[in-house]
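Everything below belongs to work.tsv, which stores TSV, C-alpha atoms (C1' of nucleotides).
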chain	number	residue	atom	x	y	z
A	270	MET	CA	-7.20	8.01	-11.74
A	271	PRO	CA	-6.30	5.26	-9.36
A	272	GLU	CA	-8.45	2.21	-8.78
A	273	LEU	CA	-7.97	-0.57	-6.28
A	274	PRO	CA	-4.63	-1.97	-7.54
A	275	GLU	CA	-3.03	1.46	-7.77
A	276	VAL	CA	-4.39	2.46	-4.37
A	277	GLU	CA	-3.16	-0.77	-2.80
A	278	VAL	CA	0.32	-0.18	-4.23
A	279	VAL	CA	0.25	3.19	-2.49
A	280	ARG	CA	-1.13	1.76	0.75
A	281	SER	CA	1.51	-0.93	1.05
A	282	GLY	CA	4.24	1.61	0.29
A	283	LEU	CA	2.90	3.93	2.95
A	284	GLU	CA	2.63	1.11	5.46
A	285	ARG	CA	6.25	0.16	4.90
A	286	HIS	CA	7.44	3.74	5.41
A	287	LEU	CA	5.01	5.08	7.98
A	288	ARG	CA	4.40	2.42	10.64
A	289	GLY	CA	5.76	3.72	13.92
A	290	SER	CA	6.71	7.12	12.48
A	291	LEU	CA	6.22	10.30	14.45
A	292	ILE	CA	4.53	13.23	12.71
A	293	GLU	CA	6.67	16.22	13.63
A	294	SER	CA	4.80	18.87	11.70
A	295	VAL	CA	2.11	19.34	9.07
A	296	GLU	CA	2.02	22.01	6.39
A	297	VAL	CA	-1.15	22.55	4.39
A	298	LEU	CA	-0.20	24.37	1.19
A	299	ASP	CA	-3.65	24.25	-0.40
A	300	PRO	CA	-6.71	24.12	1.85
A	301	ARG	CA	-8.79	22.70	-1.02
A	302	SER	CA	-7.11	19.34	-0.40
A	303	LEU	CA	-8.71	19.40	3.07
A	304	ARG	CA	-12.17	20.26	1.72
A	305	ARG	CA	-13.69	17.25	3.42
A	306	ASP	CA	-12.03	17.91	6.76
A	307	PRO	CA	-14.60	19.18	9.27
A	308	GLU	CA	-12.20	21.37	11.28
A	309	GLY	CA	-9.92	23.04	8.75
A	310	PRO	CA	-6.18	23.19	8.08
A	311	GLU	CA	-4.98	24.64	11.37
A	312	ARG	CA	-6.76	22.15	13.58
A	313	PHE	CA	-5.84	19.33	11.20
A	314	ALA	CA	-2.17	20.22	11.56
A	315	ALA	CA	-2.40	20.67	15.31
A	316	ALA	CA	-4.25	17.39	15.81
A	317	LEU	CA	-1.61	15.41	13.93
A	318	SER	CA	1.60	17.04	15.11
A	319	GLY	CA	3.28	14.89	17.74
A	320	ARG	CA	1.22	11.79	16.95
A	321	VAL	CA	2.58	8.39	15.96
A	322	LEU	CA	1.22	6.37	13.03
A	323	ALA	CA	0.26	2.81	13.94
A	324	ASP	CA	-0.93	1.40	10.61
A	325	VAL	CA	-2.13	2.15	7.08
A	326	ALA	CA	-5.39	0.51	6.03
A	327	ARG	CA	-7.56	0.43	2.91
A	328	ARG	CA	-11.04	-0.39	1.75
A	329	GLY	CA	-11.73	0.02	-1.96
A	330	LYS	CA	-10.10	3.26	-3.09
A	331	TYR	CA	-9.97	4.75	0.41
A	332	VAL	CA	-6.78	4.63	2.48
A	333	TRP	CA	-6.49	5.72	6.09
A	334	LEU	CA	-3.58	6.31	8.43
A	335	ILE	CA	-4.35	4.99	11.90
A	336	LEU	CA	-2.99	7.07	14.77
A	337	ALA	CA	-1.47	5.31	17.74
A	338	ASP	CA	-3.08	5.83	21.13
A	339	PRO	CA	-1.00	8.69	22.56
A	340	SER	CA	-1.44	7.47	26.14
A	341	ALA	CA	-0.38	3.89	25.42
A	342	PRO	CA	3.24	2.73	25.65
A	343	ALA	CA	5.07	1.99	22.41
A	344	SER	CA	4.69	-1.75	23.04
A	345	ALA	CA	0.92	-1.31	22.72
A	346	LEU	CA	1.29	-0.62	18.98
A	347	ALA	CA	1.65	-4.26	18.09
A	348	ALA	CA	-1.35	-5.13	20.24
A	349	GLY	CA	-3.53	-2.87	18.15
A	350	GLU	CA	-4.17	-0.18	20.74
A	351	VAL	CA	-4.92	2.77	18.55
A	352	GLY	CA	-6.28	6.27	18.81
A	353	GLU	CA	-9.83	7.25	18.10
A	354	ARG	CA	-9.30	8.87	14.75
A	355	GLY	CA	-7.77	8.13	11.39
A	356	VAL	CA	-6.46	10.29	8.57
A	357	VAL	CA	-8.40	9.38	5.46
A	358	VAL	CA	-6.54	9.75	2.17
A	359	HIS	CA	-8.38	9.62	-1.16
A	360	LEU	CA	-6.38	10.08	-4.33
A	361	GLY	CA	-9.32	11.18	-6.48
A	362	MET	CA	-8.34	11.32	-10.14
A	363	SER	CA	-4.80	12.62	-9.83
A	364	GLY	CA	-3.61	12.31	-6.24
A	365	GLN	CA	-0.20	10.99	-5.23
A	366	ALA	CA	1.17	10.09	-1.81
A	367	LEU	CA	4.95	10.33	-1.95
A	368	ILE	CA	7.71	9.55	0.52
A	369	LYS	CA	10.59	11.96	-0.05
A	370	GLU	CA	13.74	13.29	1.48
A	371	PRO	CA	12.83	16.62	3.11
A	372	ASP	CA	15.16	18.59	0.83
A	373	ALA	CA	13.79	17.03	-2.38
A	374	ALA	CA	12.48	19.57	-4.90
A	375	ARG	CA	8.97	20.82	-4.28
A	376	GLU	CA	6.44	19.27	-6.63
A	377	ARG	CA	4.35	21.55	-8.83
A	378	HIS	CA	1.08	20.35	-7.29
A	379	LEU	CA	2.23	19.78	-3.73
A	380	ARG	CA	-0.80	20.36	-1.48
A	381	ILE	CA	0.04	18.89	1.95
A	382	ARG	CA	3.39	18.04	3.51
A	383	MET	CA	4.03	16.09	6.72
A	384	ARG	CA	7.49	15.98	8.27
A	385	LEU	CA	8.12	12.54	9.78
A	386	LEU	CA	10.63	10.96	12.11
A	387	THR	CA	10.89	7.26	11.31
A	388	PRO	CA	11.54	4.61	14.00
A	389	ASP	CA	15.13	4.26	12.81
A	390	GLY	CA	15.76	7.96	13.20
A	391	ALA	CA	15.47	9.15	9.60
A	392	VAL	CA	13.60	12.32	8.68
A	393	ARG	CA	11.20	11.97	5.77
A	394	ASP	CA	8.38	13.84	4.07
A	395	LEU	CA	4.96	12.41	3.35
A	396	ARG	CA	3.80	14.59	0.47
A	397	PHE	CA	0.27	14.73	-0.90
A	398	VAL	CA	0.47	15.92	-4.49
A	399	ASP	CA	-2.71	16.38	-6.51
A	400	GLN	CA	-3.12	18.12	-9.84
A	401	ARG	CA	-6.92	18.25	-10.01
A	402	ILE	CA	-7.72	18.35	-6.29
A	403	PHE	CA	-10.54	15.82	-6.54
A	404	GLY	CA	-8.74	13.88	-3.83
A	405	GLY	CA	-7.77	15.00	-0.37
A	406	MET	CA	-7.15	14.16	3.25
A	407	PHE	CA	-9.34	14.50	6.31
A	408	LEU	CA	-9.50	13.45	9.93
A	409	ASP	CA	-12.34	11.09	10.68
A	410	PRO	CA	-13.45	9.11	13.74
A	411	LEU	CA	-13.00	5.35	13.58
A	412	VAL	CA	-16.19	3.37	14.04
A	413	PRO	CA	-16.91	-0.38	14.28
A	414	ALA	CA	-17.46	-2.22	10.99
A	415	ALA	CA	-21.11	-3.24	10.58
A	416	ASP	CA	-20.29	-6.97	10.37
A	417	GLY	CA	-17.67	-6.99	13.13
A	418	ALA	CA	-15.00	-8.26	10.73
A	419	PRO	CA	-11.83	-6.23	10.08
A	420	GLY	CA	-12.85	-2.85	8.65
A	421	ALA	CA	-10.03	-2.81	6.15
A	422	SER	CA	-9.40	-4.98	3.14
A	423	LEU	CA	-5.70	-4.95	4.00
A	424	SER	CA	-3.64	-3.66	6.90
A	425	ALA	CA	-1.19	-5.07	9.40
A	426	LEU	CA	-3.55	-4.67	12.37
A	427	ALA	CA	-6.83	-6.44	11.61
A	428	LEU	CA	-8.95	-3.88	13.46
A	429	PRO	CA	-12.75	-4.12	13.36
A	430	LEU	CA	-12.78	-0.37	12.75
A	431	LEU	CA	-12.96	2.00	9.82
A	432	PRO	CA	-13.48	5.73	9.28
A	433	ALA	CA	-17.11	6.81	9.65
A	434	SER	CA	-17.14	8.32	6.17
A	435	VAL	CA	-15.88	5.05	4.66
A	436	SER	CA	-18.43	2.85	6.40
A	437	HIS	CA	-20.95	3.14	3.54
A	438	ILE	CA	-18.34	1.80	1.10
A	439	GLY	CA	-18.75	-1.88	0.31
A	440	ARG	CA	-15.99	-4.41	0.79
A	441	ASP	CA	-13.76	-4.90	-2.23
A	442	PRO	CA	-13.17	-8.16	-4.10
A	443	LEU	CA	-9.70	-8.57	-2.55
A	444	ASP	CA	-11.17	-8.36	0.97
A	445	ALA	CA	-11.09	-11.70	2.81
A	446	HIS	CA	-14.56	-10.88	4.18
A	447	PHE	CA	-16.15	-9.99	0.84
A	448	ASP	CA	-19.61	-11.59	0.69
A	449	ALA	CA	-20.10	-13.10	-2.78
A	450	ALA	CA	-23.60	-14.37	-2.01
A	451	ALA	CA	-24.69	-10.89	-0.95
A	452	PHE	CA	-23.25	-9.53	-4.21
A	453	ARG	CA	-25.32	-12.01	-6.26
A	454	ARG	CA	-28.43	-11.08	-4.30
A	455	ARG	CA	-27.75	-7.39	-4.86
A	456	LEU	CA	-27.49	-7.89	-8.62
A	457	ARG	CA	-30.86	-9.62	-8.69
A	458	ARG	CA	-32.47	-6.60	-7.03
A	459	THR	CA	-31.66	-4.04	-9.73
A	460	SER	CA	-32.31	-3.62	-13.42
A	461	SER	CA	-29.46	-1.12	-13.81
A	462	GLY	CA	-26.80	-1.92	-16.36
A	463	ILE	CA	-24.07	-4.12	-14.95
A	464	LYS	CA	-21.28	-1.57	-15.41
A	465	ARG	CA	-23.23	1.06	-13.50
A	466	VAL	CA	-23.51	-1.44	-10.64
A	467	LEU	CA	-19.82	-2.32	-10.76
A	468	LEU	CA	-18.96	1.37	-10.44
A	469	ASP	CA	-21.27	1.78	-7.43
A	470	GLN	CA	-18.80	1.73	-4.55
A	471	THR	CA	-21.52	0.83	-2.04
A	472	VAL	CA	-22.19	-2.47	-3.81
A	473	LEU	CA	-18.55	-3.49	-4.07
A	474	SER	CA	-15.60	-1.15	-4.02
A	475	GLY	CA	-12.32	-0.58	-5.77
A	476	ILE	CA	-13.52	-0.94	-9.36
A	477	GLY	CA	-13.30	2.13	-11.58
A	478	ASN	CA	-13.59	2.74	-15.29
A	479	ILE	CA	-10.54	0.70	-16.32
A	480	TYR	CA	-11.19	-2.43	-14.31
A	481	ALA	CA	-14.94	-2.35	-14.97
A	482	ASP	CA	-14.26	-2.52	-18.70
A	483	GLU	CA	-11.54	-5.12	-18.30
A	484	SER	CA	-13.72	-7.29	-16.02
A	485	LEU	CA	-16.68	-7.13	-18.41
A	486	TRP	CA	-14.44	-8.05	-21.33
A	487	ARG	CA	-13.12	-11.07	-19.46
A	488	ALA	CA	-16.66	-12.09	-18.52
A	489	ARG	CA	-17.87	-11.43	-22.12
A	490	LEU	CA	-20.64	-9.14	-20.96
A	491	HIS	CA	-21.99	-5.87	-22.35
A	492	TYR	CA	-21.93	-2.90	-19.96
A	493	ALA	CA	-25.64	-2.22	-20.37
A	494	LYS	CA	-26.85	-5.74	-19.61
A	495	PRO	CA	-29.37	-5.39	-16.78
A	496	ALA	CA	-27.93	-6.74	-13.54
A	497	ASP	CA	-31.10	-8.70	-12.78
A	498	SER	CA	-30.84	-10.50	-16.12
A	499	LEU	CA	-27.52	-12.09	-15.22
A	500	THR	CA	-27.37	-15.74	-14.24
A	501	ALA	CA	-25.62	-16.74	-11.03
A	502	ALA	CA	-22.82	-18.12	-13.19
A	503	GLN	CA	-22.43	-14.79	-14.98
A	504	ALA	CA	-22.39	-12.92	-11.67
A	505	ASP	CA	-19.67	-15.24	-10.45
A	506	ALA	CA	-17.79	-14.79	-13.72
A	507	ILE	CA	-17.73	-11.03	-13.20
A	508	LEU	CA	-16.53	-11.43	-9.64
A	509	HIS	CA	-13.88	-13.88	-10.73
A	510	ALA	CA	-12.80	-11.63	-13.61
A	511	SER	CA	-12.55	-8.51	-11.47
A	512	THR	CA	-10.61	-10.31	-8.75
A	513	GLU	CA	-8.28	-11.79	-11.33
A	514	VAL	CA	-7.62	-8.61	-13.30
A	515	MET	CA	-7.06	-6.51	-10.20
A	516	THR	CA	-4.75	-9.12	-8.68
A	517	GLU	CA	-2.72	-9.21	-11.88
A	518	ALA	CA	-2.62	-5.42	-12.01
A	519	LEU	CA	-1.49	-5.24	-8.39
A	520	ALA	CA	1.33	-7.69	-9.10
A	521	ALA	CA	2.43	-5.42	-11.96
A	522	GLY	CA	2.46	-2.36	-9.72
A	523	GLY	CA	-0.78	-0.95	-11.15
A	524	THR	CA	-1.74	0.75	-14.43
A	525	SER	CA	0.10	3.93	-15.46
A	526	PHE	CA	-0.60	5.75	-18.70
A	527	ASP	CA	1.58	8.69	-17.72
A	528	ALA	CA	3.43	10.20	-14.78
A	529	LEU	CA	0.19	10.95	-12.94
A	530	TYR	CA	-0.06	7.53	-11.35
A	531	ILE	CA	3.06	6.59	-9.40
A	532	ASN	CA	3.80	4.74	-6.18
A	533	VAL	CA	5.23	6.33	-3.01
A	534	ASN	CA	8.71	6.20	-4.53
A	535	GLY	CA	7.64	7.85	-7.78
A	536	GLU	CA	7.70	4.69	-9.90
A	537	SER	CA	5.07	3.72	-12.51
A	538	GLY	CA	3.32	0.37	-12.69
A	539	TYR	CA	3.38	-1.56	-15.93
A	540	PHE	CA	-0.08	-3.16	-16.16
A	541	GLU	CA	-1.02	-0.97	-19.12
A	542	ARG	CA	0.36	-3.77	-21.30
A	543	GLY	CA	-2.03	-6.17	-19.57
A	544	LEU	CA	-5.11	-4.20	-20.63
A	545	ASN	CA	-7.23	-5.90	-23.28
A	546	VAL	CA	-9.83	-3.26	-24.13
A	547	TYR	CA	-9.47	-0.07	-22.07
A	548	GLY	CA	-8.08	2.75	-24.19
A	549	ARG	CA	-7.65	0.43	-27.17
A	550	ALA	CA	-10.34	1.68	-29.57
A	551	GLY	CA	-9.66	0.66	-33.17
A	552	LYS	CA	-7.37	-2.20	-32.17
A	553	GLN	CA	-8.18	-5.86	-32.56
A	554	CYS	CA	-9.77	-7.68	-29.67
A	555	PRO	CA	-7.03	-10.03	-28.37
A	556	ARG	CA	-9.56	-12.85	-28.07
A	557	CYS	CA	-10.89	-12.44	-31.62
A	558	ALA	CA	-7.55	-11.83	-33.29
A	559	GLU	CA	-7.32	-15.40	-34.65
A	560	LEU	CA	-10.85	-15.47	-36.08
A	561	PRO	CA	-11.56	-14.85	-39.81
A	562	VAL	CA	-13.31	-11.58	-38.91
A	563	PRO	CA	-11.66	-10.22	-35.77
A	564	GLY	CA	-13.60	-7.92	-33.47
A	565	VAL	CA	-12.35	-4.34	-33.31
A	566	ILE	CA	-12.54	-2.56	-29.97
A	567	VAL	CA	-14.99	0.34	-29.87
A	568	ARG	CA	-15.19	3.32	-27.57
A	569	GLU	CA	-18.69	4.42	-26.60
A	570	PRO	CA	-19.88	7.29	-24.42
A	571	PHE	CA	-21.16	6.08	-21.08
A	572	MET	CA	-22.09	8.05	-17.96
A	573	ASN	CA	-20.21	11.15	-19.15
A	574	ARG	CA	-17.08	9.11	-19.75
A	575	SER	CA	-16.06	6.23	-22.00
A	576	SER	CA	-16.64	2.52	-22.26
A	577	TYR	CA	-14.51	0.18	-24.28
A	578	ARG	CA	-15.65	-3.22	-25.49
A	579	CYS	CA	-15.35	-5.79	-28.23
A	580	PRO	CA	-18.60	-5.79	-30.24
A	581	ARG	CA	-18.16	-9.48	-31.05
A	582	CYS	CA	-17.43	-10.84	-27.60
A	583	GLN	CA	-19.67	-8.44	-25.72
A	584	ARG	CA	-22.97	-8.28	-27.56
A	585	ALA	CA	-25.49	-5.57	-26.76
A	586	PRO	CA	-28.55	-6.81	-24.84
A	587	ARG	CA	-31.92	-7.00	-26.60
A	588	GLY	CA	-33.46	-3.62	-27.24
A	589	PHE	CA	-30.25	-1.75	-26.43
A	590	ARG	CA	-29.74	1.59	-28.14
A	591	ALA	CA	-26.41	3.38	-27.66
A	592	GLY	CA	-26.45	6.97	-26.47
B	215	DC	C1'	-35.62	4.04	-4.58
B	216	DT	C1'	-33.39	4.91	-9.42
B	217	DA	C1'	-31.30	7.65	-12.86
B	218	DT	C1'	-29.26	11.39	-14.97
B	219	DG	C1'	-26.40	15.70	-14.79
B	220	DA	C1'	-23.58	19.07	-12.78
B	221	DA	C1'	-20.04	20.33	-9.90
B	222	DC	C1'	-15.54	20.03	-8.05
B	223	DC	C1'	-10.34	21.09	-10.74
B	224	DT	C1'	-6.05	21.24	-13.92
B	225	DG	C1'	-3.59	20.13	-18.03
B	226	DC	C1'	-2.87	18.08	-22.33
B	227	DA	C1'	-3.82	16.85	-27.17
B	228	DA	C1'	-6.34	17.52	-31.24
B	229	DG	C1'	-8.70	20.40	-34.43
B	230	DC	C1'	-9.54	24.76	-36.64
C	102	DT	C1'	0.86	30.61	-33.37
C	103	DG	C1'	-3.15	30.98	-31.01
C	104	DC	C1'	-7.95	29.66	-29.57
C	105	DT	C1'	-11.61	26.21	-28.52
C	106	DT	C1'	-13.24	21.77	-27.50
C	107	DG	C1'	-13.00	17.39	-25.55
C	108	DC	C1'	-11.10	14.23	-22.55
C	109	DA	C1'	-8.83	12.11	-18.23
C	110	DG	C1'	-7.84	6.09	-13.22
C	111	DG	C1'	-13.55	9.71	-8.88
C	112	DT	C1'	-17.14	11.11	-5.72
C	113	DT	C1'	-20.96	13.76	-4.12
C	114	DC	C1'	-24.96	16.45	-4.31
C	115	DA	C1'	-29.03	18.25	-6.53
C	116	DT	C1'	-32.76	17.57	-9.57
C	117	DA	C1'	-36.25	14.63	-12.12

Any chance you could put this one into structure tokens?
Amino acid sequence: MPELPEVEVVRSGLERHLRGSLIESVEVLDPRSLRRDPEGPERFAAALSGRVLADVARRGKYVWLILADPSAPASALAAGEVGERGVVVHLGMSGQALIKEPDAARERHLRIRMRLLTPDGAVRDLRFVDQRIFGGMFLDPLVPAADGAPGASLSALALPLLPASVSHIGRDPLDAHFDAAAFRRRLRRTSSGIKRVLLDQTVLSGIGNIYADESLWRARLHYAKPADSLTAAQADAILHASTEVMTEALAAGGTSFDALYINVNGESGYFERGLNVYGRAGKQCPRCAELPVPGVIVREPFMNRSSYRCPRCQRAPRGFRAG
DNA sequence: CTATGAACCTGCAAGC
DNA sequence: TGCTTGCAGGTTCATA
């Protein structure tokens, strides 16, 4: 469910609540949420209990909690002295990371609970709630970023590290070290449809089905247009559009269609009203609305899901056949 | 290497 | 009132 803006809303909320907090205990209520953890629930809980959280970082749709170095003094936190592992959190389609009072009612899909002691002495829960269990948590070693730049798109400590299992994920468009020239070169190397490329998290990360469609609408491009047929200007237009739409969505607290996507305090974002095509089949294209014959948004099957576009603004490439 | 498809899950809405 | 089908903000792995 969540794409970059929604995940960043969660990351910044976690950072605000978790930096410097002590993990007192960990309770794994459903081991399926630790499917990707190599050592299993008991060792996961044991490894985290008693540790302090130094930072919360993100690349694309992946978030990770960085553990403080247990042998370093508290003053080392600010200097970026951190432990060797991070706790990766991926929300999948329906995951939530919530900060709650410990006695708050148990959520229906609560999967993992961490009891925390905050630096100012409060006791809080970090709760991982996930209806569909496509997301999860796992412990992962931190490794140097390939380019030596900070491994995360955003975090307080600009560490040149990231979890090993996130290292294949490309930088996201909001990352200060995103390489636009490399992105243009990558597009020229493939004849895949542009939306397929935008959804490939190794090319650039953070874009999912909503923001792919919204970016393509803003750039007036059809999802099936071969990447290697795009001009440099069109490639830049996509990059500009995706950066713009995700920045706007982030400012609005993300996109929420229902109670599934919420921030760490349980609040919904309001960017749904900023969407121009996604989920709007049968409605007029906002850009065509003033024309004599306005375009009407269509929904088309694409990669076992849906694509939304305006047939007037986003013409099919030559020889394109739907389905 | 690229490109599909299936698998992993639960819940909700629409249609019969 | 059921029951069935389709659909949902994602990723990974297996098969052509």

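Taking CA of Ala415 (chain A) and CA of His446 (chain A) as the two end points, the separation is 11.9 Å.
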
Hey, what's within 9 Å of Asp299 (chain A) if we count only C-alpha atoms (C1' of nucleotides) and toss same-chain stuff fewer than 5 positions away? As a PyMOL selection string, please? chain A and resi 310+379-381

Using all atoms listed in the file, which protein or nucleic acid residues come within 7 Å of Leu529 (chain A)? Drop anything in the same chain fewer than 2 positions from it, and give the result as number ranges by chain. A: 363, 527, 531

For chain A, report every residue with an atom at most 7 Å from chain B (counting all atoms listed in the file), formatted as JSON, numbers by chain. {"A": [400, 401, 402, 403]}

Considering only C-alpha atoms (C1' of nucleotides), give me a table of residues in chain C that are at most 10 Å from chain A, with the closest atom pair and distance in Å for each, as a Markdown table.
| residue | atom | partner | partner_atom | distance |
| --- | --- | --- | --- | --- |
| C:DC108 | C1' | A:Arg574 | CA | 8.4 |
| C:DA109 | C1' | A:Met270 | CA | 7.8 |
| C:DG110 | C1' | A:Met270 | CA | 2.5 |
| C:DG111 | C1' | A:Gly361 | CA | 5.1 |
| C:DT112 | C1' | A:Gly361 | CA | 7.9 |

Using CA of Val321 (chain A) and CA of Leu287 (chain A) as the two end points, give the distance in Å to one decimal. 9.0 Å

So that I can see what lies close to Ala550 (chain A), please list as a list in words the residues with an atom at most 7 Å from it, counting all atoms listed in the file and leaving out residues fewer than 2 positions away in the same chain.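 After dropping sequence-adjacent residues, the list is Gly548, Lys552, Ile566, Val567, Arg568 and Tyr577 of chain A.
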